[in-house]
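I have placed the structure first, in the form of structure tokens, so that the comments after it can refer back to it.
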Amino acid sequence: MTDLFAPDHTPDYLTRLNPEQRAAIETTEGPLLVLAGAGTGKTRVLTSRFAHILLSGRAKPNQILAVTFTNKAAREMRERVSAILGQPADGLWLGTFHALCARMLRRHAEYVDLTSGFTILDTDDQIRLLKQIMEPFRLDTKRWPAQGMLGVIQRWKDRGLTPERITGAEDSDFAQGRAQEIYAAYQARLVQLNACDFGDLMLHVTEILRTRPDVLAQYHRFFRYILVDEYQDTNTIQYLWLRLLAKREGFAANICCVGDDDQSIYSWRGAEVENILRFEQDFPGAHVVRLERNYRSTVQILGAASGLIAHNEGRLGKTLRPGRDDSDGEKVQVVGVWDSDEEGRVVASRVAELRLEGHSLGEMAVLVRAGFQTRAFEEQLIAQGIPYRVVGGLRFYERAEIRDAMAYLRVLAQPADDLAFERIINLPRRGVGAAALQKFRDIARSQSVSLSAAVGIALENATVKGKSGDALRTLMQCLADGRAMLGREGHIVAVEALLEDSGYVPMWRADTSIEAPGRVDNLRELVRAMADFDSLGAFLEHVSLVMDNDQDAGEAKVSLMTLHGAKGLEFDTVFLPGWEEGVFPSQRTLDEGGLSGLEEERRLAYVGITRARRRAIILHAANRRIYANWQSSMPSRFIDELPDEHIEVVGQTKAERRRTAQAESLFAAGPMVARRERSGPHTVSPRPERCDIPLGARVFHQKFGYGMVIGVEHDRLEVNFEKAGHKRVIASFVEQVS
DNA sequence: AGATAGCTTGTTTTT
DNA sequence: CAAGCTATCT
């Protein structure tokens with residue numbers, strides 16, 4: 001290994017780097033901020049730097065702390081590092097903020113009155129717990145919902161504020177000034193349950209590092225180098241945690257933070273762009289390296305994106321420059337359409353065209369501002385028979401049946417997990433209602449035992465009898481059996497038996513709704529996933545921290561996702577629909593966030609454009625259906641901010657204009673009435689003459705897709721559509737295809 | 001205890 | 001418009 005560093009031998013991972021990248025990798029000592037614009041090789045720099053520190057003998061694998069935000073990023077980094085090292089990168093302190101904190105907290109749990117076996121609650125649990133806590137406060141639950149309270153608590157935790165630290169000034173208006181009380185009660189209850197929420201993972205560990213110099217010193221001795229990805233997304237508590245670990249008396253902080261202030265899009269969940277803007281003050285003597293050579297996008301795309309983001313103030317200042325001397329590429333297209341339906345059609349047909357030209361669907365993406373917008377595109381893609389996938393949305397571990405099953409597993413592993421037990425006690429129905437549950441809670445409280453133990457007591461002294469008594473007895477027996485099997489036959493067999501005998505899986509099997517079979521499949525998949533873990537405990541830890549599951553790679557599909565979800569990804573072609581005032585920038589952000597909200601929206605637009613390697617197509621519709629009614633809309637101000645020389649404004653094509661006009665005459669009694677009122681006079685094209693499509697012809701319809709003509713009557717056709725079934729349509733609405 | 005009718009309310013989301 | 005929640009009925 002050492003001969004790699006002989007003067008004449010540049011190690012492999014340092015070749016083919018530009019000077020800035022190389023500086024970012026080789027400046028190992030002292031604080032370093034790497035401002036990495038979109039597509040400038042950020043991940044490569046991070047992983048190479050990691051490997052460089054190891055291979056040059058500056059530190060051993062477990063002396064580097066490497067932090068990311070997502071499990072995906074952590075996984076990717078681990079894989080790339082091990083590829084450079086030529087061996088598995090095991091036993092590293094490489095992970096998400098939360099995973100690393102969980103690991104630390106398990107070692108020092110007693111300092112915050114937990115034991116190392118604490119459970120990590122999910123959002124469902126948190127809300128149910130808060131509801132219970134808030135109940136005695138007798139607040140108007142409409143005005144002060146538990147969910148809102150949870151938001152307040154989370155923001156406090158993001159800022160490193162424990163209940164004692166909430167001063168009068170910090171106390172929110174929420175819950176009529178009793179928010180701090182509720183927060184304190186919530187925290188106390190978590191300790192009782194030997195549980196913590198996600199925010200606590202950071203908060204508790206930071207608190208321990210803050211108050212226990214011995215523990216802090218231990219980590220100081222441990223970690224020689226710290227690497228942080230996506231620094232612009234850190235919140236205050238993460239910043240405090242990093243600063244504690246990085247700064248120590250008499251040593252330069254070997255902390256390297258990589259980020260891009262122009263891609264900070266998470267302030268609404270507590271991220272503080274200021275952290276990255278303030279880096280040089282926080283870590284005096286810091287070096288700053290700017291990565292500005294973009295190897296991803298064409299000159300035109302970079303020009304459009306740079307021009308847009310230049311409208312933001314308070315940037316650290318970076319200009320993306322084309323990294324490879326490429327041809328200019330296509331200009332960014334700005335396409336105006338009549339309404340949101342047409343927007344969907346145009347995107348779907350463009351996708352189809354590109355596909356015919358030989359472009360892979362896997363290299364195309366439709367990036368929307370809000371999740372619900374994907375639906376319109378789904379419909380059009382289905383109609384045109386184009387495979388797509390919606391990225392994001394409900395993930396595997398968020399599905400109801402998986403959460404239910406997880407609750408069963410949690411009770412199996414920890415009989416004292418009251419929140420999980422509450423979730424399953426009446427699932428499937430065992431005749432346990434609010435009244436019975438309250439009885440169990442009372443027993444649990446008065447005897448200081450867990451809820452499941454309380455049920456045991458109630459069964460013994462016959463407080464519950466009859467049907468629900470029998471059902472509960474069976475449940476308790478299943479759990480006891482399951483625990484016995486856990487040791488003897490292993491966790492998989494035990495879980496299978498539990499889910500079966502408790503009646504949970506049979507409940508879904510007996511369900512006749514269309515989604516039920518899918519749910520049973522998901523449950524089977526859950527059990528299968530457990531095979532990758534040695535124990536139930538290991539599996540539960542994995543699920544609570546790594547809530548993602550790999551999307552099937554499979555066949556190439558168009559990706560539909562939110563702009564937020566697209567960060568870090570890239571595609572040859574990117575469609576950016578809905579660039580209208582109120583939609584994007586979102587009215588709500590504007591109302592709540594003012595100028596800084598607008599700037600964050602602009603950064604989001606910047607992220608969107610820079611996802612594209614070769615083609616970016618921005619769309620805006622003049623009319624959009626919002627809930628029930630149509631509203632006219634103005635093109636987004638971001639469109640005006642794009643530099644003219646990099647965009648090409650595409651009006652409606654002739655064919656599209658004709659189709660629009662026809663659509664209007666057809667739907668004149670429907671939504672078009674509203675359109676006319678709002679959009680003023682316009683021409684209606686003459687009705688098409690007669691129909692020249694023969695019986696038996698194969699046709700294509702924008703909404704219904706492909707089909708065969710089975711009847712002709714003047715300008716009306718009867719068509720049997722492959723996907724949409726039997727319909728009567730206007731002939732001019734279909735195109736004959738071979 | 002459970003089902004149903006009526007009402008409200010509509011971003012972005014990781015861990 | 002449509003999902004999700006609450007209040008009310010049986």
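Going through the structure tokens in order, the chains are called A, B, and so on, while each chain numbers its residues from 1 and the ligands are numbered from 1 in the order shown.
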**Item:** Polymer residues at most 12 Å from segment 314-317 of chain A, only C-alpha atoms (C1' of nucleotides), same-chain spacing of 5 or more positions, as number ranges by chain
**Value:** A: 33-37, 232, 259-264, 273-280, 288-292, 306, 309, 595-596, 599-600, 603
**Request:** When you get a sec, could you note down which chain B residues fall within 10 Å of chain A, using only C-alpha atoms (C1' of nucleotides), as a ChimeraX atom specification?
**Result:** /B:1-2,10-15
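Within 10 Å of chain C, and using only C-alpha atoms (C1' of nucleotides), the residues found on chain A are Lys142, Ile626, Tyr627, Ala628 and Asn629 of chain A.
As for atom CA of Trp579 of chain A and atom CA of Ala621 of chain A, they are spaced 7.9 Å apart.
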**Asked** Interatomic distance between atom CA of Leu161 of chain A and atom CA of Met202 of chain A?
**Response** 11.1 Å
**Request:** Please identify all polymer residues within 6 Å of Phe700 of chain A, counting only C-alpha atoms (C1' of nucleotides), omitting same-chain residues fewer than 5 positions from it, and present them as a ChimeraX atom specification.
**Result:** /A:705-706,734-735
